[in-house]
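Pasted below: query-v4.cif, mmCIF, C-alpha atoms and all ligand atoms.
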data_query
#
loop_
_atom_site.label_atom_id
_atom_site.label_comp_id
_atom_site.auth_asym_id
_atom_site.auth_seq_id
_atom_site.Cartn_x
_atom_site.Cartn_y
_atom_site.Cartn_z
CA MET A 142 273.36 -106.82 -158.81
CA THR A 143 272.61 -103.28 -157.74
CA ASN A 144 272.89 -103.36 -153.98
CA ARG A 145 276.28 -102.07 -152.96
CA LEU A 146 276.70 -104.33 -149.94
CA GLU A 147 275.75 -107.38 -152.00
CA LEU A 148 278.24 -106.38 -154.68
CA LEU A 149 281.01 -105.80 -152.13
CA SER A 150 280.25 -109.15 -150.56
CA ALA A 151 280.22 -110.90 -153.97
CA ILE A 152 283.62 -109.37 -154.85
CA ALA A 153 284.92 -110.37 -151.41
CA ASP A 154 283.76 -113.96 -152.12
CA VAL A 155 285.56 -113.99 -155.49
CA LEU A 156 288.80 -112.83 -153.85
CA ARG A 157 288.51 -115.18 -150.85
CA ASN A 158 288.01 -118.13 -153.20
CA ALA A 159 290.81 -117.23 -155.62
CA GLY A 160 294.29 -118.74 -155.34
CA SER A 161 295.97 -116.16 -157.55
CA VAL A 162 295.01 -112.57 -158.32
CA ALA A 163 296.47 -109.84 -160.53
CA LEU A 164 295.83 -106.21 -159.60
CA CYS A 165 296.23 -103.46 -162.15
CA GLY A 166 295.86 -99.66 -162.15
CA HIS A 167 295.69 -97.26 -165.12
CA ILE A 168 298.17 -95.87 -167.64
CA MET A 169 300.12 -92.83 -166.41
CA PRO A 170 299.62 -94.10 -162.85
CA ASP A 171 298.66 -91.72 -160.05
CA GLY A 172 298.42 -91.90 -156.27
CA ASP A 173 294.89 -93.31 -156.30
CA SER A 174 295.51 -96.13 -158.78
CA LEU A 175 298.83 -97.15 -157.17
CA GLY A 176 297.63 -96.78 -153.59
CA SER A 177 294.54 -98.87 -154.40
CA VAL A 178 296.52 -101.63 -156.14
CA LEU A 179 298.99 -101.83 -153.25
CA ALA A 180 296.45 -101.66 -150.42
CA LEU A 181 294.40 -104.51 -151.87
CA GLY A 182 297.54 -106.40 -152.96
CA LEU A 183 299.16 -106.29 -149.51
CA ALA A 184 295.91 -107.40 -147.88
CA LEU A 185 295.44 -110.33 -150.29
CA ARG A 186 299.04 -111.44 -149.79
CA ARG A 187 298.46 -111.50 -146.05
CA MET A 188 295.47 -113.75 -146.73
CA GLY A 189 297.85 -116.19 -148.45
CA LYS A 190 296.94 -115.35 -152.05
CA ARG A 191 299.49 -115.36 -154.85
CA VAL A 192 299.36 -111.74 -156.00
CA GLN A 193 300.83 -110.00 -159.03
CA LEU A 194 300.94 -106.20 -158.79
CA LEU A 195 300.75 -104.56 -162.23
CA SER A 196 301.04 -101.14 -163.80
CA PRO A 197 300.78 -100.48 -167.56
CA ASP A 198 303.35 -97.65 -167.22
CA PRO A 199 306.39 -97.10 -164.97
CA LEU A 200 305.77 -95.48 -161.59
CA PRO A 201 306.59 -91.84 -160.80
CA ASP A 202 309.61 -91.79 -158.43
CA GLN A 203 307.58 -90.04 -155.77
CA TYR A 204 305.28 -93.05 -155.32
CA LEU A 205 308.04 -95.59 -155.78
CA ASN A 206 309.74 -94.15 -152.72
CA LEU A 207 306.62 -93.62 -150.63
CA LEU A 208 304.26 -96.58 -151.06
CA PRO A 209 305.08 -99.92 -149.36
CA GLY A 210 305.46 -102.66 -151.97
CA ALA A 211 305.69 -100.20 -154.89
CA ALA A 212 309.04 -101.64 -156.00
CA GLU A 213 307.30 -104.98 -156.62
CA ILE A 214 304.88 -103.55 -159.16
CA GLN A 215 305.62 -105.10 -162.58
CA LEU A 216 305.05 -103.94 -166.13
CA GLU A 217 304.42 -107.53 -167.32
CA LEU A 218 302.61 -110.61 -166.07
CA GLN A 219 305.08 -113.28 -164.99
CA GLY A 220 304.82 -117.01 -164.32
CA GLU A 221 301.46 -118.40 -163.27
CA TRP A 222 298.44 -116.95 -165.08
CA PRO A 223 296.23 -115.40 -162.35
CA GLU A 224 292.62 -116.56 -162.01
CA VAL A 225 291.25 -113.12 -161.25
CA LEU A 226 292.14 -109.67 -162.57
CA VAL A 227 291.10 -106.67 -160.50
CA ALA A 228 291.26 -103.35 -162.41
CA LEU A 229 291.42 -100.37 -160.07
CA ASP A 230 290.65 -96.73 -160.92
CA CYS A 231 290.18 -97.65 -164.62
CA SER A 232 287.14 -96.14 -166.35
CA ASP A 233 287.52 -98.11 -169.57
CA PRO A 234 289.59 -101.02 -170.89
CA GLU A 235 291.93 -98.70 -172.80
CA ARG A 236 293.11 -97.26 -169.50
CA LEU A 237 294.68 -100.68 -168.84
CA GLY A 238 297.12 -99.93 -171.67
CA ARG A 239 299.30 -102.96 -172.48
CA PHE A 240 297.07 -105.23 -170.35
CA ALA A 241 293.83 -104.39 -172.20
CA PRO A 242 294.25 -107.12 -174.88
CA LEU A 243 294.60 -109.76 -172.11
CA LEU A 244 291.21 -109.04 -170.52
CA ASN A 245 289.48 -112.08 -172.00
CA SER A 246 292.09 -114.48 -170.70
CA PHE A 247 291.10 -114.23 -167.03
CA ASN A 248 288.34 -116.38 -165.51
CA THR A 249 287.03 -113.39 -163.61
CA VAL A 250 287.52 -109.66 -164.08
CA VAL A 251 286.57 -107.29 -161.24
CA ILE A 252 286.42 -103.52 -161.72
CA ILE A 253 286.60 -101.07 -158.85
CA ASP A 254 286.32 -97.48 -160.00
CA HIS A 255 284.85 -94.04 -159.27
CA HIS A 256 284.88 -92.28 -162.65
CA ALA A 257 281.75 -90.61 -163.97
CA GLY A 258 280.48 -92.47 -167.03
CA GLY A 259 282.86 -95.40 -166.51
CA ILE A 260 282.38 -98.50 -168.65
CA ASP A 261 281.54 -101.92 -167.22
CA PHE A 262 284.07 -104.24 -168.86
CA GLY A 263 284.20 -107.00 -166.22
CA HIS A 264 282.18 -109.70 -164.50
CA PHE A 265 281.86 -107.64 -161.31
CA TYR A 266 281.59 -103.87 -161.55
CA LEU A 267 281.78 -101.61 -158.53
CA ASN A 268 281.62 -97.99 -159.67
CA ASP A 269 280.67 -95.11 -157.42
CA ALA A 270 281.10 -91.71 -159.05
CA GLN A 271 280.23 -90.07 -155.71
CA SER A 272 283.28 -91.66 -154.13
CA PRO A 273 286.22 -89.23 -154.05
CA ALA A 274 288.80 -91.97 -154.63
CA THR A 275 289.02 -95.65 -155.57
CA GLY A 276 290.94 -95.95 -152.28
CA GLU A 277 287.68 -95.38 -150.38
CA LEU A 278 286.07 -98.31 -152.21
CA VAL A 279 289.10 -100.48 -151.50
CA TYR A 280 288.75 -99.59 -147.81
CA GLU A 281 285.12 -100.78 -147.91
CA LEU A 282 286.16 -103.98 -149.69
CA LEU A 283 288.83 -104.70 -147.08
CA ARG A 284 286.18 -104.30 -144.38
CA ALA A 285 283.91 -106.70 -146.29
CA LEU A 286 286.57 -109.40 -146.80
CA PRO A 287 287.37 -108.89 -143.87
CA ALA A 288 291.07 -108.03 -143.97
CA ASP A 289 293.24 -106.42 -141.34
CA ILE A 290 294.23 -102.85 -142.16
CA ASP A 291 297.73 -102.42 -140.81
CA ALA A 292 299.93 -99.32 -141.09
CA ALA A 293 301.36 -100.27 -144.51
CA ILE A 294 297.89 -100.77 -146.02
CA ALA A 295 296.62 -97.64 -144.26
CA LEU A 296 299.43 -95.59 -145.78
CA CYS A 297 298.48 -96.77 -149.29
CA ILE A 298 294.79 -95.92 -148.82
CA TYR A 299 295.67 -92.58 -147.21
CA VAL A 300 297.76 -91.64 -150.27
CA SER A 301 294.92 -92.72 -152.62
CA ILE A 302 292.35 -90.53 -150.95
CA ASN A 303 294.69 -87.63 -150.24
CA THR A 304 295.94 -87.32 -153.82
CA ASP A 305 292.55 -87.71 -155.54
CA THR A 306 290.94 -85.08 -153.28
CA GLY A 307 293.73 -82.50 -153.64
CA ALA A 308 294.59 -83.09 -149.97
CA PHE A 309 290.92 -83.17 -148.90
CA ARG A 310 289.96 -79.91 -150.61
CA TYR A 311 287.59 -81.08 -153.35
CA GLY A 312 283.81 -81.22 -153.33
CA LEU A 313 283.39 -85.00 -153.23
CA VAL A 314 284.98 -85.24 -149.79
CA ARG A 315 282.22 -86.34 -147.41
CA PRO A 316 281.93 -87.16 -143.71
CA ALA A 317 282.64 -90.84 -144.45
CA THR A 318 285.94 -89.80 -146.07
CA HIS A 319 287.14 -88.23 -142.85
CA ARG A 320 285.89 -91.19 -140.80
CA ILE A 321 287.99 -93.50 -142.99
CA ILE A 322 290.98 -91.18 -142.64
CA ALA A 323 290.53 -91.19 -138.86
CA ALA A 324 290.52 -95.01 -138.85
CA LEU A 325 293.65 -95.06 -141.03
CA MET A 326 295.40 -92.64 -138.65
CA GLU A 327 294.58 -94.96 -135.74
CA THR A 328 297.05 -97.46 -137.25
CA GLY A 329 299.83 -95.01 -136.39
CA ILE A 330 300.71 -93.67 -139.85
CA ASP A 331 302.55 -90.34 -139.78
CA THR A 332 300.31 -88.15 -141.94
CA GLY A 333 302.49 -85.05 -141.48
CA TRP A 334 305.45 -86.93 -142.94
CA ILE A 335 303.35 -88.42 -145.77
CA ASN A 336 302.08 -84.96 -146.73
CA ARG A 337 305.61 -83.58 -146.78
CA GLN A 338 306.64 -86.45 -149.08
CA LEU A 339 303.68 -85.70 -151.36
CA TYR A 340 303.84 -81.92 -151.47
CA GLU A 341 307.18 -80.66 -150.15
CA GLU A 342 309.75 -82.94 -151.72
CA GLN A 343 309.35 -82.19 -155.41
CA PRO A 344 312.38 -82.53 -157.64
CA LEU A 345 313.72 -79.16 -158.82
CA VAL A 346 312.83 -80.06 -162.40
CA SER A 347 309.09 -80.04 -161.53
CA LEU A 348 309.34 -76.36 -160.62
CA GLN A 349 311.33 -75.68 -163.78
CA VAL A 350 308.52 -77.30 -165.80
CA LEU A 351 305.97 -75.19 -163.91
CA SER A 352 308.00 -72.06 -164.61
CA GLU A 353 308.05 -72.80 -168.37
CA ALA A 354 304.34 -73.62 -168.39
CA LEU A 355 303.44 -70.41 -166.55
CA LYS A 356 305.13 -68.43 -169.34
CA THR A 357 302.39 -69.73 -171.67
CA LEU A 358 299.49 -68.81 -169.36
CA THR A 359 296.58 -67.11 -171.10
CA VAL A 360 293.20 -66.13 -169.68
CA SER A 361 290.16 -65.72 -171.95
CA SER A 362 288.59 -62.29 -172.35
CA CYS A 363 285.65 -63.42 -170.18
CA GLY A 364 288.12 -64.27 -167.42
CA ARG A 365 286.70 -67.73 -166.82
CA LEU A 366 289.07 -69.91 -168.86
CA ALA A 367 292.80 -70.20 -168.15
CA SER A 368 295.09 -72.22 -170.38
CA MET A 369 298.74 -73.30 -170.42
CA TYR A 370 300.87 -75.73 -172.41
CA ILE A 371 304.24 -77.43 -172.47
CA ALA A 372 305.93 -78.79 -175.59
CA ARG A 373 307.95 -82.00 -175.70
CA GLU A 374 310.98 -79.98 -176.77
CA THR A 375 310.81 -78.00 -173.52
CA LEU A 376 310.41 -81.14 -171.42
CA ASN A 377 313.37 -82.69 -173.23
CA ARG A 378 315.53 -79.58 -172.76
CA LEU A 379 314.83 -79.73 -169.01
CA ASN A 380 315.40 -83.50 -168.93
CA ALA A 381 311.90 -83.78 -167.49
CA ARG A 382 309.67 -86.84 -167.54
CA ASP A 383 305.87 -86.74 -167.84
CA GLU A 384 305.45 -87.07 -164.09
CA HIS A 385 307.28 -83.75 -163.59
CA ALA A 386 304.35 -81.93 -165.20
CA ASP A 387 301.73 -83.62 -163.01
CA GLY A 388 301.00 -80.79 -160.60
CA VAL A 389 301.02 -77.96 -163.15
CA ILE A 390 297.27 -78.01 -163.90
CA SER A 391 296.38 -77.05 -160.33
CA TYR A 392 297.85 -73.53 -160.76
CA PRO A 393 295.71 -71.90 -163.48
CA ARG A 394 292.52 -72.94 -161.67
CA THR A 395 293.55 -70.90 -158.60
CA ILE A 396 293.11 -67.62 -160.51
CA LYS A 397 290.22 -65.56 -159.15
CA GLY A 398 287.25 -65.73 -161.48
CA VAL A 399 288.57 -68.72 -163.45
CA GLU A 400 286.07 -71.59 -163.66
CA LEU A 401 287.98 -73.83 -166.07
CA ALA A 402 291.70 -74.52 -166.35
CA MET A 403 293.28 -76.43 -169.25
CA PHE A 404 296.79 -77.76 -169.62
CA PHE A 405 298.16 -79.11 -172.92
CA ARG A 406 301.15 -81.43 -172.63
CA GLU A 407 302.87 -82.88 -175.67
CA LEU A 408 303.34 -86.64 -175.37
CA ALA A 409 306.31 -88.60 -176.68
CA ASP A 410 304.29 -89.60 -179.78
CA GLY A 411 303.49 -85.94 -180.64
CA LYS A 412 299.84 -86.14 -179.52
CA TRP A 413 298.58 -83.65 -176.94
CA LYS A 414 297.35 -84.72 -173.55
CA VAL A 415 294.79 -82.20 -172.34
CA SER A 416 293.90 -81.90 -168.65
CA PHE A 417 290.74 -80.07 -167.56
CA ARG A 418 289.94 -78.81 -164.05
CA SER A 419 286.82 -76.85 -163.10
CA LYS A 420 286.03 -75.05 -159.87
CA TYR A 421 282.31 -74.60 -159.23
CA PHE A 422 279.91 -75.82 -161.88
CA LEU A 423 281.38 -77.00 -165.19
CA ASP A 424 281.10 -80.74 -165.94
CA VAL A 425 284.56 -81.37 -167.41
CA ASN A 426 283.89 -85.11 -167.79
CA LYS A 427 281.36 -84.12 -170.45
CA LEU A 428 283.84 -81.71 -172.06
CA ALA A 429 286.65 -84.31 -172.19
CA SER A 430 284.28 -86.93 -173.58
CA GLN A 431 283.73 -84.72 -176.64
CA PHE A 432 287.37 -85.56 -177.44
CA GLY A 433 287.20 -89.25 -176.54
CA GLY A 434 288.46 -88.76 -172.97
CA GLY A 435 286.74 -88.75 -169.60
CA GLY A 436 287.26 -88.50 -165.86
CA HIS A 437 285.23 -86.75 -163.19
CA TYR A 438 282.94 -83.72 -162.92
CA ARG A 439 285.76 -81.44 -161.81
CA ALA A 440 288.87 -83.23 -163.21
CA SER A 441 289.18 -84.90 -166.56
CA GLY A 442 291.49 -85.46 -169.49
CA CYS A 443 291.75 -86.52 -173.11
CA THR A 444 294.35 -87.02 -175.83
CA VAL A 445 294.08 -85.06 -179.10
CA GLU A 446 296.09 -85.44 -182.28
CA GLY A 447 297.28 -82.43 -184.30
CA LYS A 448 299.39 -79.28 -184.23
CA LEU A 449 299.30 -77.32 -180.98
CA ALA A 450 297.59 -74.27 -182.53
CA ASP A 451 294.82 -76.43 -184.06
CA VAL A 452 294.36 -78.54 -180.93
CA ARG A 453 294.19 -75.45 -178.70
CA ARG A 454 291.71 -73.72 -181.00
CA GLN A 455 289.47 -76.76 -181.22
CA VAL A 456 289.51 -77.47 -177.49
CA THR A 457 289.18 -73.79 -176.50
CA GLU A 458 286.10 -73.40 -178.72
CA ALA A 459 284.46 -76.41 -177.09
CA ALA A 460 285.45 -75.16 -173.62
CA LEU A 461 284.03 -71.67 -174.17
CA ALA A 462 280.81 -73.16 -175.56
CA ALA A 463 280.53 -75.43 -172.51
CA LEU A 464 281.09 -72.46 -170.19
CA GLU A 465 278.42 -70.53 -172.06
CA ASN A 466 275.89 -73.41 -171.94
CA GLU A 467 276.42 -74.41 -168.35
CA GLN A 468 276.86 -70.89 -166.98
CA LYS A 469 275.47 -70.53 -163.47
P1 LIG B 501 294.71 -85.90 -165.44
O1 LIG B 501 294.41 -84.59 -166.06
O2 LIG B 501 295.54 -86.79 -166.29
O3 LIG B 501 295.19 -85.78 -164.04
O4 LIG B 501 293.34 -86.67 -165.37
C1 LIG B 501 292.25 -86.22 -164.62
C2 LIG B 501 291.21 -87.31 -164.54
O5 LIG B 501 290.71 -87.60 -165.85
C3 LIG B 501 291.75 -88.63 -164.01
O6 LIG B 501 290.78 -89.16 -163.14
C4 LIG B 501 291.91 -89.51 -165.20
O7 LIG B 501 291.61 -90.83 -164.87
C5 LIG B 501 290.92 -88.96 -166.19
N1 LIG B 501 291.49 -89.00 -167.54
C6 LIG B 501 292.58 -88.36 -167.97
N2 LIG B 501 292.83 -88.62 -169.27
C7 LIG B 501 291.84 -89.45 -169.68
C8 LIG B 501 291.53 -90.10 -170.93
N3 LIG B 501 292.28 -89.92 -172.02
N4 LIG B 501 290.44 -90.89 -170.94
C9 LIG B 501 289.68 -91.08 -169.86
N5 LIG B 501 289.92 -90.50 -168.68
C10 LIG B 501 290.99 -89.69 -168.57
MN MN B 502 293.54 -92.11 -161.22
MN MN B 503 290.88 -92.01 -158.87
#
Would it be possible to restate this file's structure as C-alpha cells?
Amino acid sequence: MTNRLELLSAIADVLRNAGSVALCGHIMPDGDSLGSVLALGLALRRMGKRVQLLSPDPLPDQYLNLLPGAAEIQLELQGEWPEVLVALDCSDPERLGRFAPLLNSFNTVVIIDHHAGGIDFGHFYLNDAQSPATGELVYELLRALPADIDAAIALCIYVSINTDTGAFRYGLVRPATHRIIAALMETGIDTGWINRQLYEEQPLVSLQVLSEALKTLTVSSCGRLASMYIARETLNRLNARDEHADGVISYPRTIKGVELAMFFRELADGKWKVSFRSKYFLDVNKLASQFGGGGHYRASGCTVEGKLADVRRQVTEAALAALENEQK
C-alpha cells in the first residue's frame, strides 16, 4: 500500500475497529514521541477506546509537567492485553526498548514515523522522512479518523512539532507545517506560555551541565567540526539526569563555519551516546548508521562502546571523512 491517503485511511480503520490500543514512543523519550503518543491517546480515549499510554523510559520532568495526560504514561503494560500496538517516532524495534520483545504478541502493529532509513517492523507502516515531526503525521491521522482536535490534543501536537523543528527553525519545516500550527492555535492554546515552558524554565542543573560541556569544546583545524563531551562522573557530581544534557548539542553547531557538531555523553552503563547535528549539507543519518545508529539528515545519534579517547578518535575520523566526501 503506497498511497498515503489509503494508508492513513487503513490505519484509521484499524483504530476505529479496535477495542483496546497501546501507544508507545521511543527510549529516551523526547517532545515528539511523547506529544505524538498523548495526542493520539487522548483522541482514541474520547472515541471510547481502552488506551494504554507507554514509554520504555521515564519521562523528563519538563514534559511530565507540560503535556496533558503525561502522568498516565506507564513503563509497563497492565491488565488487558491490547489488540493493537501503535509505535510512534520509532525508527526500529530496538527503539521500543523494554517493549521490543513483546512486538509479536499484538494482533496488529502500526508504525508512524519520520526517520530517514526507518525499518518497517509492523503490519501498517507510515513513514515520511520529509515530515518534520511524527506529530504532523498524527495530525493527519486524526483528520482521517476523524477525531476532534481540542486544546489538550492541540497542545501535544504543538509540542511535538515545535521540539523536533528546533522551534520551527529547521529545513524540513514546510508551508503545511505552519498551516497545521495555525489550526492548532485556533483551539486557543497559549503558544507563548508553551514556548516559555519549553525554553525558559530549565532547571539550573541543565546550565551547569552545559557549562561543564562547554569546557570540553574543541573545533577541528578545518573549522567545520565542533565536538564536546560529558562524563558520567561529571553528571553524577552535579546530580544531573540524562535529560539535563538534552539541549547541549545545539550550542556547538551555532559556531560560525561549523557544519557538524558532535556531543559525547557517557551513559549509566559506561557506553557513549553520540549526538550529531549538521547545518547545511552533511547527511548525519548516514554518519550515525556507520556506528549502528540513525536519525535524520540533520540530526542523528548512535551508541558506541569503549574508552572516551578511542570512541572520540574513531567517530571524529569518520566525521572528518564524511565532511571531506560530502563537501559542498
Ligand atoms: P539525539 O541526538 O538523541 O537527540 O537524537 C537525534 C535523532 O537521532 C533523533 O531523531 C533520534 O531518534 C535519532 N537517534 C538517536 N540515537 C539513535 C540510535 N542509537 N539509533 C537510531 N536513531 C537514533
Ligand atoms: Mn524522537
Ligand atoms: Mn521525531
**Report entry** All residues having an atom within 7 Å of ligand MN 503 (chain B) (all atoms listed in the file) as a list in words
**Finding:** Asp173, Ser174, Asp230, His255, Ala274, Thr275 and Asp305 of chain A
How would the residues just chosen look if you wrote them out with C-alpha atoms as an mmCIF file, in the coordinates of the input?
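File written: out15.cif
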data_model
loop_
_atom_site.group_PDB
_atom_site.id
_atom_site.type_symbol
_atom_site.label_atom_id
_atom_site.label_comp_id
_atom_site.auth_asym_id
_atom_site.auth_seq_id
_atom_site.Cartn_x
_atom_site.Cartn_y
_atom_site.Cartn_z
ATOM 1 C CA ASP A 173 294.890 -93.310 -156.300
ATOM 2 C CA SER A 174 295.510 -96.130 -158.780
ATOM 3 C CA ASP A 230 290.650 -96.730 -160.920
ATOM 4 C CA HIS A 255 284.850 -94.040 -159.270
ATOM 5 C CA ALA A 274 288.800 -91.970 -154.630
ATOM 6 C CA THR A 275 289.020 -95.650 -155.570
ATOM 7 C CA ASP A 305 292.550 -87.710 -155.540
#
Requested in this report: Using all atoms listed in the file, find the one residue out of A:Gly329, A:Glu458, A:Val399, A:Tyr370 that sits nearest to Ser416 of chain A.
Outcome: A:Tyr370
Requested in this report: May I have the residues within 9 Å of Leu366 of chain A as number ranges by chain, using only C-alpha atoms and disregarding those fewer than 6 positions away in the same chain?
Outcome: A: 359-360, 393-394, 398-403, 457, 460-461, 464
Report task. Work out how far apart atom CA of Leu376 of chain A and atom CA of Val350 of chain A are and give it in Å to one decimal. Result ->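 So the answer is 7.1 Å.
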Requested in this report: Tell me which of A:Leu205, A:Val456, A:Val250, A:Ile260 sits closest to ligand LIG 501 (chain B), counting only C-alpha atoms and all ligand atoms.
Outcome: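 Of A:Leu205, A:Val456, A:Val250, A:Ile260, the one nearest ligand LIG 501 (chain B) is A:Ile260, counting only C-alpha atoms and all ligand atoms.
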Query raised in the report: Which chains and residue numbers are within 7 Å of ligand LIG 501 (chain B), counting all atoms listed in the file, if I want them as an NGL selection string?
Result: :A and (231-232 or 256 or 387 or 415-417 or 433-437 or 440-444)
Let me see the file: selected residues, C-alpha atoms, as a CSV table (one decimal), in the frame of the given file.
chain,number,residue,atom,x,y,z
A,231,CYS,CA,290.2,-97.6,-164.6
A,232,SER,CA,287.1,-96.1,-166.4
A,256,HIS,CA,284.9,-92.3,-162.6
A,387,ASP,CA,301.7,-83.6,-163.0
A,415,VAL,CA,294.8,-82.2,-172.3
A,416,SER,CA,293.9,-81.9,-168.6
A,417,PHE,CA,290.7,-80.1,-167.6
A,433,GLY,CA,287.2,-89.2,-176.5
A,434,GLY,CA,288.5,-88.8,-173.0
A,435,GLY,CA,286.7,-88.8,-169.6
A,436,GLY,CA,287.3,-88.5,-165.9
A,437,HIS,CA,285.2,-86.8,-163.2
A,440,ALA,CA,288.9,-83.2,-163.2
A,441,SER,CA,289.2,-84.9,-166.6
A,442,GLY,CA,291.5,-85.5,-169.5
A,443,CYS,CA,291.8,-86.5,-173.1
A,444,THR,CA,294.4,-87.0,-175.8
Query - Between atom CA of Pro223 of chain A and atom CA of Val251 of chain A - distance in Å to one decimal - result: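 Answer for the atom CA of Val251 of chain A to atom CA of Pro223 of chain A separation: 12.7 Å.
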Around segment 243-248 of chain A, with edges along x, y and z and 4 Å added on all six sides, what centre and edge lengths do you get, in Å to one decimal, as lines of an AutoDock Vina configuration file?
center_x = 291.5
center_y = -112.7
center_z = -168.8
size_x = 14.3
size_y = 15.3
size_z = 14.6
Report task. Have a look at A:Gln219, A:Ala153, A:Arg186, A:Val225 and name the one nearest to Val279 of chain A; count only C-alpha atoms. Result ->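 Of A:Gln219, A:Ala153, A:Arg186, A:Val225, the one nearest Val279 of chain A, counting only C-alpha atoms, is A:Ala153.
Remark: for Leu286 of chain A, the closest of the candidate residues A:Glu446, A:Glu465, A:Asp171, A:Asp154 is A:Asp154 (distances computed over all atoms listed in the file).
Rounded to one decimal, atom CA of Val162 of chain A and atom CA of Val227 of chain A lie 7.4 Å from each other.
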Excluding Asp383 of chain A and any residue of its chain fewer than 5 positions from it, enumerate the residues within 12 Å of it, using only C-alpha atoms, and give them as a tab-separated table (two decimals) with C-alpha atoms, keeping the file's coordinate frame.
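Contents of selection-v5.tsv, freshly written:
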chain	number	residue	atom	x	y	z
A	168	ILE	CA	298.17	-95.87	-167.64
A	169	MET	CA	300.12	-92.83	-166.41
A	170	PRO	CA	299.62	-94.10	-162.85
A	171	ASP	CA	298.66	-91.72	-160.05
A	198	ASP	CA	303.35	-97.65	-167.22
A	199	PRO	CA	306.39	-97.10	-164.97
A	200	LEU	CA	305.77	-95.48	-161.59
A	201	PRO	CA	306.59	-91.84	-160.80
A	202	ASP	CA	309.61	-91.79	-158.43
A	346	VAL	CA	312.83	-80.06	-162.40
A	347	SER	CA	309.09	-80.04	-161.53
A	350	VAL	CA	308.52	-77.30	-165.80
A	371	ILE	CA	304.24	-77.43	-172.47
A	372	ALA	CA	305.93	-78.79	-175.59
A	373	ARG	CA	307.95	-82.00	-175.70
A	375	THR	CA	310.81	-78.00	-173.52
A	376	LEU	CA	310.41	-81.14	-171.42
A	377	ASN	CA	313.37	-82.69	-173.23
A	388	GLY	CA	301.00	-80.79	-160.60
A	389	VAL	CA	301.02	-77.96	-163.15
A	405	PHE	CA	298.16	-79.11	-172.92
A	406	ARG	CA	301.15	-81.43	-172.63
A	407	GLU	CA	302.87	-82.88	-175.67
A	408	LEU	CA	303.34	-86.64	-175.37
A	409	ALA	CA	306.31	-88.60	-176.68
A	414	LYS	CA	297.35	-84.72	-173.55
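For Asn206 of chain A, the list of residues within 12 Å, based on all atoms listed in the file and with local chain neighbours fewer than 5 positions off taken out, reads Leu200, Pro201, Ala211, Ala212, Glu213, Ile335, Gln338, Leu339 and Glu342 of chain A.
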**Report entry** Which of A:Leu313, A:Leu194, A:Leu267, A:Leu243 sits closest to Gly210 of chain A [using all atoms listed in the file]
**Finding:**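 When distances to Gly210 of chain A are compared using all atoms listed in the file, the smallest one comes from A:Leu194.
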Report task. Would you list the contacts of Tyr266 of chain A as a ChimeraX atom specification, taking every protein, DNA or RNA residue within 7 Å and counting all atoms listed in the file, but skipping same-chain residues closer than 5 positions in sequence? Result -> /A:251-253,261
Requested in this report: Name all residues at most 12 Å from Pro316 of chain A (count all atoms listed in the file; drop same-chain ones fewer than 6 positions away) and give them as JSON, numbers by chain.
Outcome: {"A": [272, 273, 309, 322, 323]}
Query - Spatial sel., origin (297.5, -103.7, -166.3), limit 8 Å, all atoms listed in the file, listed as a PyMOL selection string - result: chain A and resi 164-168+195-197+216-217+228+237-241
Query raised in the report: Out of A:Cys363, A:Ile294, A:Leu379, A:Arg310, which residue has the shortest atom-to-atom distance to Ser391 of chain A when counting all atoms listed in the file?
Result: A:Arg310
